[in-house]
Amino acid sequence: MQAPLPISALLSLSFGVHIVLVNLDMAIATFIPLMEWLARKKDDDFLMERAKVLMRYYASTYAIAGVFGTAFTVMLLSFYPQFIGLAGHLTWVPFGLAILMIALRFLTIVLYWYLWDRSSQQIHLAVGGLMALSGYLIPFGFRAVFAFLNVPSGLHLEPKPYLDVVEALMNPTFLPLYLKSVFGALAAGSLMMVTVYVIRYEASESSLKERYLELVSRFANYGFASLALMMFFGAWYSVSLITTPYKFYNVFGFLIGKPGERDFGWLFIVKMILVLVQFIVLYQVFRPKELTETQISWAKIGGPVALTTVLVGEMLNMHSQLPYFVAQPEIVSSLPEIFRKALLTTNVNTLANLPELYAITAASLIPLLAAVAALFYLLLREK
Amino acid sequence: MDPFGLIQQWFSGYPAGWERLLSMIGIEVHWFILQYVLGLSFLAVVTEAIWLRTRNDDWKRLSRTLAKAFVAVFAVGAATGTASEFGLVLLWPNLTEAAGRYIYFPLYMEIFAFLMEGIFIYMYFYAEDKVSPRTHLIIGILAFVGAWYSGAMILSVNSFMQAPVNVIAHYDPLAGPSSWAPPDVLLFVPAQIAQALDVNKLAAVGAKVISATPEQVTVTLPSGLVRVLMREAFAGKTIGESTLAAVIKPEALQSLSSVPLKTVIDAIVANTVKNAGIFMITFLSKGYLATYIHALGAALTVSAFTLLGGYALRLLRTSKDDRDRRYFLRAMKFAAVVALILIAIQGTGSGHAMGAAVAKYNPEKFAAMEATTTQITSLPSMLGMKQLVEQFMPLLAYGDPNAKLPSYDVIAAEYRPPLIIHYLYYTKIGLGVLLGLIGLLAVFYAFRKEEWPSWVLWIAVISPAIAQITSFLGWGVREMGRKPWAIYGIMDVQTELTINPPPAWHLMGVALYLSLILVVLVLAVYWFLWRR
């Protein structure tokens with residue numbers, strides 16, 4: 001049994017767009033204050049201008065990422081209201097933390113953007129630091145919930161269902177998942193910066209080429225370090241998934257000749273190939289004196305490949321546990337019926353699983369996706 | 001009842017006082033900001049359209065300032081919206097689940113409205129120099145339409161919670177207070193379930209069969225019974241453990257005893273929703289249109305007074321020979337005219353329609369608003385206007401001079417909203433009148449050739465706060481007056497609450513945090529708009 005395809009597709013689309021953009025945003029929100037700090041330290045107008053331009057794009061993409069996040073939540077609510085209801089009863093602390101950080105993040109983005117050149121350097125950099133920090137604390141809450149969906153650590157059913165937060169944070173899959181996500185985001189963001197600055201390098205006049213090359217090299221360094229750490233924590237996360245055999249075998253079963261019920265080994269292989277491509281890109285642009293056509297070509301695909309890796313990784317993590325919201329069939333089947341039904345993705349809201357709704361969705365979404373494309377086109381277009 | 005007693009009645013007289021307080025703060029913070037997204041976006045487009053016609057650069061400057069302001073508040077509004085959304089999920093999961101299951105459609109459509117709003121607001125702000133002026137204006141129109149569309153969706157859900165299409169309030173204004181009875185809920189029971197029910201026992205608990213077809217039986221159930229069944233269903237009781245068991249035929253009860261009550265209730269409610277129209281049910285809520293127009297009007301009014309106050313402050317801080325003065329005065333004149341028109345419409349048009357809708361569809365709330373009780377001294381009594389109000393209010397509310405107001409004291413205790421809403425309501429009315437007078441004063445000085453006296457400017461400066469408080473009180477009356485219900489006639493506060501309520505210090509901490517964010521935001525917008 002599987003969830004209806006349109007529902008799966010809509011949830012994957014909204015979550016996919018959201019997660020790719022928030023990964024990018026998390027990295028960029030770290031890079032901008034860092035670039036500002038470096039620019040002030042070195043009195044470097046070029047770097048300062050790059051930080052400002054980056055902030056301009058960041059401020060616009062962040063809200064779009066948020067909109068898709070909300071879209072994902074509301075779609076989950078519409079198609080799986082019982083699951084959302086159950087989650088609401090249990091997740092006050094992790095979701096609550098994420099909420100507080102989301103509010104802080106939006107505020108710091110507004111403050112950082114509008115206080116630029118209107119406040120002291122120290123205050124502005126402090127706001128930037130807070131903006132970056134809030135970006136790391138939002139997934140802290142969300143990843144705790146994702147880890148709970150791997151292994152429901154801290155869940156107690158008596159005398160009533162509740163979550164022991166300390167036990168939940170001791171979940172064996174939480175820390176590696178969180179750290180993998182953080183470094184994965186930094187790696188993807190760094191590679192995207194490499195791509196952007198290589199394009200600028202190519203288009204700029206010779207006097208600026210050297211400056212763009214510096215940036216390419218700097219972000220290649222960040223990318224390399226982050227990707228290496230992401231691989232380490234990714235491996236740790238993979239090992240930790242042994243605690244959730246259903247998911248583990250769905251992802252890695254093919255390696256030991258025991259593929260799971262829903263074999264996603266092929267997607268894991270795709271992800272590894274994409275990671276390999278990222279390493280090749282970084283190798284190509286690692287401390288270059290100048291860039292050859294081949295290097296430029298590799299660098300141009302670095303960002304898109306890195307973001308695709310994030311997308312593939314998230315889809316792998318999400319789909320490999322279906323049709324269970326909590327990837328432990330034995331635990332799910334032992335729960336009272338009311339909870340059991342809430343934790344199955346096949347238990348779709350019958351009032352929402354309608355062809356008319358899918359038609360309305362398509363009619364609403366397609367023009368808006370075109371408008372998103374137009375927005376990015378206008379943002380990137382020269383005057 | 002003294003003021004403390006009034007607060008206590010609201011806070012402790014119903015379940016989940018702290019949770020309600022946090023929700024109130026969270027949603028009010030969101031609404032505080034949202035009004036500017038709804039209002040400033042529209043005013044920015046209007047001023048840009050005027051610029052396109054006149055080519056007077058003051059209008060362009062005003063339009064840009066408004067656009068800057070609403071982009072700033074949109075970003076934070078998106079954050080507070082997300083926070084409110086998660087807040088609802090975490091504090092009121094059963095209500096959220098019910099909304100997701102039965103009235104998801106407007107929430108679902110709000111995704112697209114939100115997306116539309118976000119995309120075009122950013123496009124309006126960032127792409128101004130990359131498109132033609134006319135295209136820019138069209139983008140602006142799409143931006144505010146997105147915001148208004150979003151409001152239309154969310155307010156339909158709120159309207160459903162206030163007066164669902166299938167809930168029948170019982171009050172006959174011509175018959176008077178004794179005609180009040182608890183509301184009934186119209187339900188379409190699938191035949192399979194109806195067959196298991198004992199009709200005589202059902203009639204004994206106040207149920208009435210309206211019609212029957214081979215597919216379903218249409219009945220009305222007393223809201224008191226529906227409230228209990230909803231509570232038991234969400235508490236995970238089986239049919240055998242529930243109140244429903246008392247009205248099930250003995251031969252059917254044996255096989256149904258271990259079935260979760262929620263399964264049966266869900267089948268009945270889902271069938272009722274299908275009958276009302278899955279995509280239309282919230283839009284058919286009684287009083288929806290009045291709600292939408294009144295809320296939108298409030299947002300525009302608050303935005304107009306904020307514009308007036310902001311430029312009045314600028315004028316007070318500007319030297320007399322400043323060349324910007326002409327621009328400030330033009331902006332104030334525009335704001336004053338818009339504010340006066342809007343407050344007049346709010347008071348006499350949409351506000352009246354809202355009041356009439358409450359009187360008709362929420363008589364218990366109306367009784368509390370009018371304080372038709374011996375428990376408190378009403379504000380009109382204190383002001384010596386009791387007779388006047390008693391004479392005119394029935395005519396205003398019901399359009400009939402012979403009509404009578406419902407009596408709060410006649411209403412059964414478990415259906416009474418908190419009496420504090422009477423004072424909030426009349427304070428709101430008073431502040432609304434005050435805003436009208438400020439609007440008149442501002443228009444008077446805007447069209448005179450003389451300088452604005454500084455005392456008038458200072459009154460204009462505080463007018464945004466008065467407008468915000470008025471709007472806040474309006475929502476306060478609406479939402480606090482919804483008690484004891486979460487969804488009128490169907491689900492009460494106890495049922496919607498999480499089974500794991502957070503400790504009070506968590507809730508207070510979050511409330512303080514959200515309030516602090518609001519304060520910092522106001523300061524940030526002020527710096528951004530006025531400091532160079």
# chains A, B, ... in the order shown; residues from 1 in each chain; ligands from 1

$ residues_around --residues "A:Thr73" --least-positions-apart "6" --cutoff "9 Å" --atoms "only C-alpha atoms" --output "list in words"
Leu11, Phe15 and Ile84 of chain A

$ write_last_selection --atoms "C-alpha atoms" --output "PDB file, in the first residue's frame"
ATOM      1  CA  LEU A  11       4.458  16.749  -0.567  1.00  0.00           C
ATOM      2  CA  PHE A  15       9.240  19.797   0.847  1.00  0.00           C
ATOM      3  CA  ILE A  84      -0.434  16.450  12.570  1.00  0.00           C
TER       4      ILE A  84
END

$ interface_residues --of "chain A" --to "chain B" --cutoff "7 Å" --atoms "only C-alpha atoms" --output "ChimeraX atom specification"
/A:60,63-64,67,70-71,74-75,77-78,81-82,84-85,88-89,91-92,99,102-103,106-107,110-111,114,162,349,364-365,368,371-372,375,378-379,383

$ write_last_selection --atoms "N, CA, C and O atoms" --output "compact mmCIF listing (two decimals), in the first residue's frame"
# COMPACT_ATOMS: atom_id res chain seq x y z
N SER A 60 15.29 37.88 -0.32
CA SER A 60 14.13 37.53 -1.15
C SER A 60 13.90 36.02 -1.18
O SER A 60 12.77 35.57 -1.15
N ALA A 63 12.09 34.29 2.24
CA ALA A 63 10.64 34.26 2.42
C ALA A 63 10.01 33.19 1.53
O ALA A 63 9.05 32.53 1.92
N ILE A 64 10.58 33.01 0.32
CA ILE A 64 10.04 31.99 -0.58
C ILE A 64 10.25 30.60 0.05
O ILE A 64 9.35 29.75 0.01
N VAL A 67 7.63 30.19 2.59
CA VAL A 67 6.31 29.95 2.00
C VAL A 67 6.17 28.46 1.66
O VAL A 67 5.14 27.84 1.94
N THR A 70 5.66 26.45 4.78
CA THR A 70 4.27 26.53 5.22
C THR A 70 3.38 25.66 4.33
O THR A 70 2.49 24.95 4.81
N ALA A 71 3.67 25.71 3.02
CA ALA A 71 2.89 24.90 2.08
C ALA A 71 2.98 23.42 2.45
O ALA A 71 1.96 22.71 2.48
N VAL A 74 0.91 22.74 5.60
CA VAL A 74 -0.54 22.78 5.38
C VAL A 74 -0.99 21.58 4.53
O VAL A 74 -2.06 21.01 4.76
N MET A 75 -0.14 21.17 3.58
CA MET A 75 -0.49 19.98 2.79
C MET A 75 -0.52 18.74 3.68
O MET A 75 -1.42 17.90 3.57
N LEU A 77 -1.18 18.77 6.80
CA LEU A 77 -2.40 18.91 7.62
C LEU A 77 -3.63 18.49 6.83
O LEU A 77 -4.53 17.84 7.36
N SER A 78 -3.67 18.89 5.56
CA SER A 78 -4.85 18.58 4.76
C SER A 78 -4.96 17.09 4.44
O SER A 78 -6.05 16.53 4.47
N PRO A 81 -4.38 14.82 8.59
CA PRO A 81 -4.70 15.62 9.79
C PRO A 81 -4.46 14.87 11.10
O PRO A 81 -4.06 15.47 12.09
N GLN A 82 -4.68 13.56 11.08
CA GLN A 82 -4.50 12.80 12.33
C GLN A 82 -3.02 12.79 12.75
O GLN A 82 -2.71 12.88 13.92
N ILE A 84 -0.78 15.12 12.07
CA ILE A 84 -0.43 16.45 12.57
C ILE A 84 -1.00 16.64 13.98
O ILE A 84 -0.35 17.19 14.86
N GLY A 85 -2.24 16.14 14.18
CA GLY A 85 -2.84 16.24 15.50
C GLY A 85 -2.00 15.50 16.54
O GLY A 85 -1.69 16.04 17.61
N GLY A 88 1.19 17.29 17.24
CA GLY A 88 0.94 18.47 18.06
C GLY A 88 0.91 18.14 19.55
O GLY A 88 1.40 18.90 20.37
N HIS A 89 0.34 16.98 19.88
CA HIS A 89 0.25 16.60 21.29
C HIS A 89 1.63 16.33 21.91
O HIS A 89 1.80 16.42 23.12
N THR A 91 5.00 17.33 20.54
CA THR A 91 6.26 17.96 20.14
C THR A 91 6.39 19.44 20.54
O THR A 91 7.01 20.22 19.82
N TRP A 92 5.82 19.80 21.64
CA TRP A 92 5.87 21.21 22.07
C TRP A 92 7.30 21.73 22.11
O TRP A 92 7.59 22.80 21.59
N ILE A 99 10.09 27.22 16.30
CA ILE A 99 9.24 28.41 16.08
C ILE A 99 9.94 29.67 16.58
O ILE A 99 9.98 30.70 15.90
N ILE A 102 12.60 30.58 14.24
CA ILE A 102 12.10 31.11 12.96
C ILE A 102 11.74 32.58 13.13
O ILE A 102 12.09 33.43 12.31
N ALA A 103 11.06 32.88 14.24
CA ALA A 103 10.68 34.28 14.49
C ALA A 103 11.93 35.15 14.62
O ALA A 103 12.02 36.24 14.05
N PHE A 106 13.67 35.68 11.09
CA PHE A 106 13.04 36.69 10.23
C PHE A 106 13.36 38.09 10.75
O PHE A 106 13.67 38.99 9.98
N LEU A 107 13.29 38.23 12.05
CA LEU A 107 13.56 39.56 12.62
C LEU A 107 15.01 39.97 12.35
O LEU A 107 15.27 41.11 11.96
N VAL A 110 15.51 41.07 8.81
CA VAL A 110 15.01 42.44 8.60
C VAL A 110 15.98 43.44 9.22
O VAL A 110 16.37 44.43 8.58
N LEU A 111 16.41 43.17 10.44
CA LEU A 111 17.31 44.11 11.13
C LEU A 111 18.64 44.22 10.40
O LEU A 111 19.16 45.31 10.18
N TYR A 114 18.18 46.16 7.12
CA TYR A 114 17.84 47.57 7.22
C TYR A 114 18.81 48.38 8.07
O TYR A 114 18.85 49.60 7.98
N TYR A 162 3.16 10.92 25.91
CA TYR A 162 3.94 12.14 26.07
C TYR A 162 5.36 11.88 25.63
O TYR A 162 5.78 10.73 25.47
N ASN A 349 -6.65 11.66 4.21
CA ASN A 349 -7.94 12.33 4.41
C ASN A 349 -8.81 12.15 3.15
O ASN A 349 -8.50 12.68 2.09
N SER A 364 -3.54 26.47 -9.76
CA SER A 364 -3.01 27.54 -8.90
C SER A 364 -1.50 27.55 -8.90
O SER A 364 -0.87 28.62 -8.89
N LEU A 365 -0.92 26.36 -8.90
CA LEU A 365 0.53 26.27 -8.70
C LEU A 365 1.34 26.62 -9.95
O LEU A 365 2.38 27.30 -9.85
N LEU A 368 2.00 30.23 -10.49
CA LEU A 368 2.82 30.78 -9.41
C LEU A 368 4.27 30.32 -9.53
O LEU A 368 5.20 31.09 -9.23
N ALA A 371 5.72 32.49 -11.91
CA ALA A 371 6.00 33.80 -11.30
C ALA A 371 7.29 33.75 -10.47
O ALA A 371 8.04 34.73 -10.44
N VAL A 372 7.52 32.62 -9.80
CA VAL A 372 8.79 32.48 -9.05
C VAL A 372 9.96 32.59 -10.03
O VAL A 372 10.95 33.30 -9.77
N LEU A 375 10.42 36.09 -10.96
CA LEU A 375 11.05 36.86 -9.87
C LEU A 375 12.56 36.68 -9.90
O LEU A 375 13.32 37.66 -9.85
N LEU A 378 14.06 38.47 -12.84
CA LEU A 378 14.14 39.93 -12.65
C LEU A 378 15.25 40.29 -11.65
O LEU A 378 15.94 41.30 -11.81
N LEU A 379 15.39 39.45 -10.64
CA LEU A 379 16.44 39.74 -9.65
C LEU A 379 17.83 39.65 -10.27
O LEU A 379 18.72 40.44 -9.95
N LYS A 383 20.04 45.93 -15.13
CA LYS A 383 19.07 46.99 -15.44
C LYS A 383 19.07 47.29 -16.92
O LYS A 383 20.11 47.28 -17.54

$ residues_around --residues "stretch 331-333 of chain A" --least-positions-apart "5" --cutoff "10 Å" --atoms "only C-alpha atoms" --output "MDAnalysis selection string"
chainID A and resid 151:152 324:326 339:344

$ atom_distance --atom1 "atom CA of A:Gly260" --atom2 "atom CA of A:Leu86"
27.4 Å

$ atom_distance --atom1 "atom CA of B:Thr272" --atom2 "atom CA of A:Phe83"
22.4 Å

$ select_by_dssp --residues "stretch 217-313 of chain A" --states "alpha helix (DSSP H)" --output "ChimeraX atom specification"
/A:217-240,245-252,265-284,293-313

$ atom_distance --atom1 "atom CA of B:Leu22" --atom2 "atom CA of B:Leu507"
6.1 Å

$ residues_around --residues "A:Pro139" --least-positions-apart "3" --cutoff "9 Å" --atoms "only C-alpha atoms" --output "count of residues only"
9

$ residues_around --residues "stretch 466-470 of chain B" --least-positions-apart "3" --cutoff "10 Å" --atoms "only C-alpha atoms" --output "JSON, numbers by chain"
{"B": [31, 32, 35, 298, 299, 301, 302, 303, 304, 305, 306, 343, 424, 425, 427, 428, 429, 430, 431, 432, 434, 435, 459, 460, 461, 462, 463, 473, 474, 475, 476]}

$ residues_around --residues "B:Leu340" --least-positions-apart "3" --cutoff "8 Å" --atoms "only C-alpha atoms" --output "list in words"
Ala336, Val337, Ile343, Ala344, Gly436, Gly439, Leu440 and Val443 of chain B

$ select_by_dssp --residues "stretch 78-258 of chain B" --states "strand (DSSP E)" --output "list in words"
Val167, Ile168, Ala169, His170, Ala181, Pro182, Pro183, Asp184, Val185, Leu186, Leu187, Phe188, Val189, Pro190, Lys208, Val209, Ile210, Ser211, Ala212, Gln216, Val217, Thr218, Val219, Thr220, Leu221 and Pro222 of chain B

$ write_last_selection --atoms "N, CA and C atoms" --output "JSON list (two decimals), in the first residue's frame"
[["chain", "number", "residue", "atom", "x", "y", "z"],
["B", 167, "VAL", "N", -24.82, 24.98, 12.32],
["B", 167, "VAL", "CA", -25.21, 25.18, 13.72],
["B", 167, "VAL", "C", -26.35, 26.20, 13.76],
["B", 168, "ILE", "N", -27.39, 25.84, 14.47],
["B", 168, "ILE", "CA", -28.59, 26.69, 14.51],
["B", 168, "ILE", "C", -28.70, 27.32, 15.90],
["B", 169, "ALA", "N", -28.52, 28.65, 15.94],
["B", 169, "ALA", "CA", -28.68, 29.36, 17.21],
["B", 169, "ALA", "C", -30.18, 29.53, 17.48],
["B", 170, "HIS", "N", -30.55, 29.54, 18.75],
["B", 170, "HIS", "CA", -31.98, 29.67, 19.08],
["B", 170, "HIS", "C", -32.24, 30.94, 19.90],
["B", 181, "ALA", "N", -32.54, 29.16, 23.68],
["B", 181, "ALA", "CA", -32.25, 27.74, 23.95],
["B", 181, "ALA", "C", -30.86, 27.45, 23.42],
["B", 182, "PRO", "N", -30.20, 26.42, 23.92],
["B", 182, "PRO", "CA", -28.86, 26.11, 23.40],
["B", 182, "PRO", "C", -28.91, 25.82, 21.91],
["B", 183, "PRO", "N", -27.84, 26.11, 21.20],
["B", 183, "PRO", "CA", -27.85, 25.85, 19.75],
["B", 183, "PRO", "C", -27.96, 24.36, 19.43],
["B", 184, "ASP", "N", -28.50, 24.08, 18.27],
["B", 184, "ASP", "CA", -28.55, 22.71, 17.77],
["B", 184, "ASP", "C", -27.57, 22.55, 16.62],
["B", 185, "VAL", "N", -27.18, 21.31, 16.38],
["B", 185, "VAL", "CA", -26.23, 21.04, 15.30],
["B", 185, "VAL", "C", -26.91, 20.15, 14.27],
["B", 186, "LEU", "N", -26.91, 20.60, 13.05],
["B", 186, "LEU", "CA", -27.52, 19.82, 11.97],
["B", 186, "LEU", "C", -26.49, 18.82, 11.44],
["B", 187, "LEU", "N", -26.85, 17.56, 11.45],
["B", 187, "LEU", "CA", -25.90, 16.52, 11.02],
["B", 187, "LEU", "C", -26.54, 15.58, 10.01],
["B", 188, "PHE", "N", -25.73, 15.12, 9.10],
["B", 188, "PHE", "CA", -26.19, 14.15, 8.09],
["B", 188, "PHE", "C", -25.58, 12.80, 8.45],
["B", 189, "VAL", "N", -26.39, 11.96, 9.06],
["B", 189, "VAL", "CA", -25.86, 10.69, 9.58],
["B", 189, "VAL", "C", -25.98, 9.61, 8.49],
["B", 190, "PRO", "N", -24.86, 8.98, 8.13],
["B", 190, "PRO", "CA", -24.95, 7.90, 7.13],
["B", 190, "PRO", "C", -25.92, 6.82, 7.61],
["B", 208, "LYS", "N", -33.74, 15.65, 16.87],
["B", 208, "LYS", "CA", -34.93, 15.69, 16.01],
["B", 208, "LYS", "C", -34.55, 15.17, 14.64],
["B", 209, "VAL", "N", -35.39, 14.28, 14.10],
["B", 209, "VAL", "CA", -35.13, 13.80, 12.74],
["B", 209, "VAL", "C", -35.79, 14.78, 11.77],
["B", 210, "ILE", "N", -35.00, 15.28, 10.86],
["B", 210, "ILE", "CA", -35.51, 16.26, 9.89],
["B", 210, "ILE", "C", -35.99, 15.56, 8.63],
["B", 211, "SER", "N", -35.17, 14.64, 8.15],
["B", 211, "SER", "CA", -35.56, 13.88, 6.96],
["B", 211, "SER", "C", -34.73, 12.61, 6.89],
["B", 212, "ALA", "N", -35.18, 11.71, 6.04],
["B", 212, "ALA", "CA", -34.44, 10.44, 5.90],
["B", 212, "ALA", "C", -34.47, 10.00, 4.45],
["B", 216, "GLN", "N", -28.92, 8.48, 3.98],
["B", 216, "GLN", "CA", -28.59, 9.20, 5.20],
["B", 216, "GLN", "C", -29.85, 9.71, 5.92],
["B", 217, "VAL", "N", -29.65, 10.01, 7.19],
["B", 217, "VAL", "CA", -30.74, 10.61, 7.98],
["B", 217, "VAL", "C", -30.25, 11.97, 8.45],
["B", 218, "THR", "N", -31.09, 12.97, 8.21],
["B", 218, "THR", "CA", -30.73, 14.33, 8.64],
["B", 218, "THR", "C", -31.34, 14.60, 10.00],
["B", 219, "VAL", "N", -30.49, 14.95, 10.96],
["B", 219, "VAL", "CA", -30.99, 15.17, 12.32],
["B", 219, "VAL", "C", -30.41, 16.46, 12.88],
["B", 220, "THR", "N", -31.08, 16.97, 13.91],
["B", 220, "THR", "CA", -30.44, 18.01, 14.70],
["B", 220, "THR", "C", -30.19, 17.43, 16.09],
["B", 221, "LEU", "N", -28.99, 17.69, 16.59],
["B", 221, "LEU", "CA", -28.64, 17.24, 17.93],
["B", 221, "LEU", "C", -28.36, 18.46, 18.80],
["B", 222, "PRO", "N", -28.71, 18.40, 20.06],
["B", 222, "PRO", "CA", -28.37, 19.53, 20.94],
["B", 222, "PRO", "C", -26.84, 19.70, 21.01]]
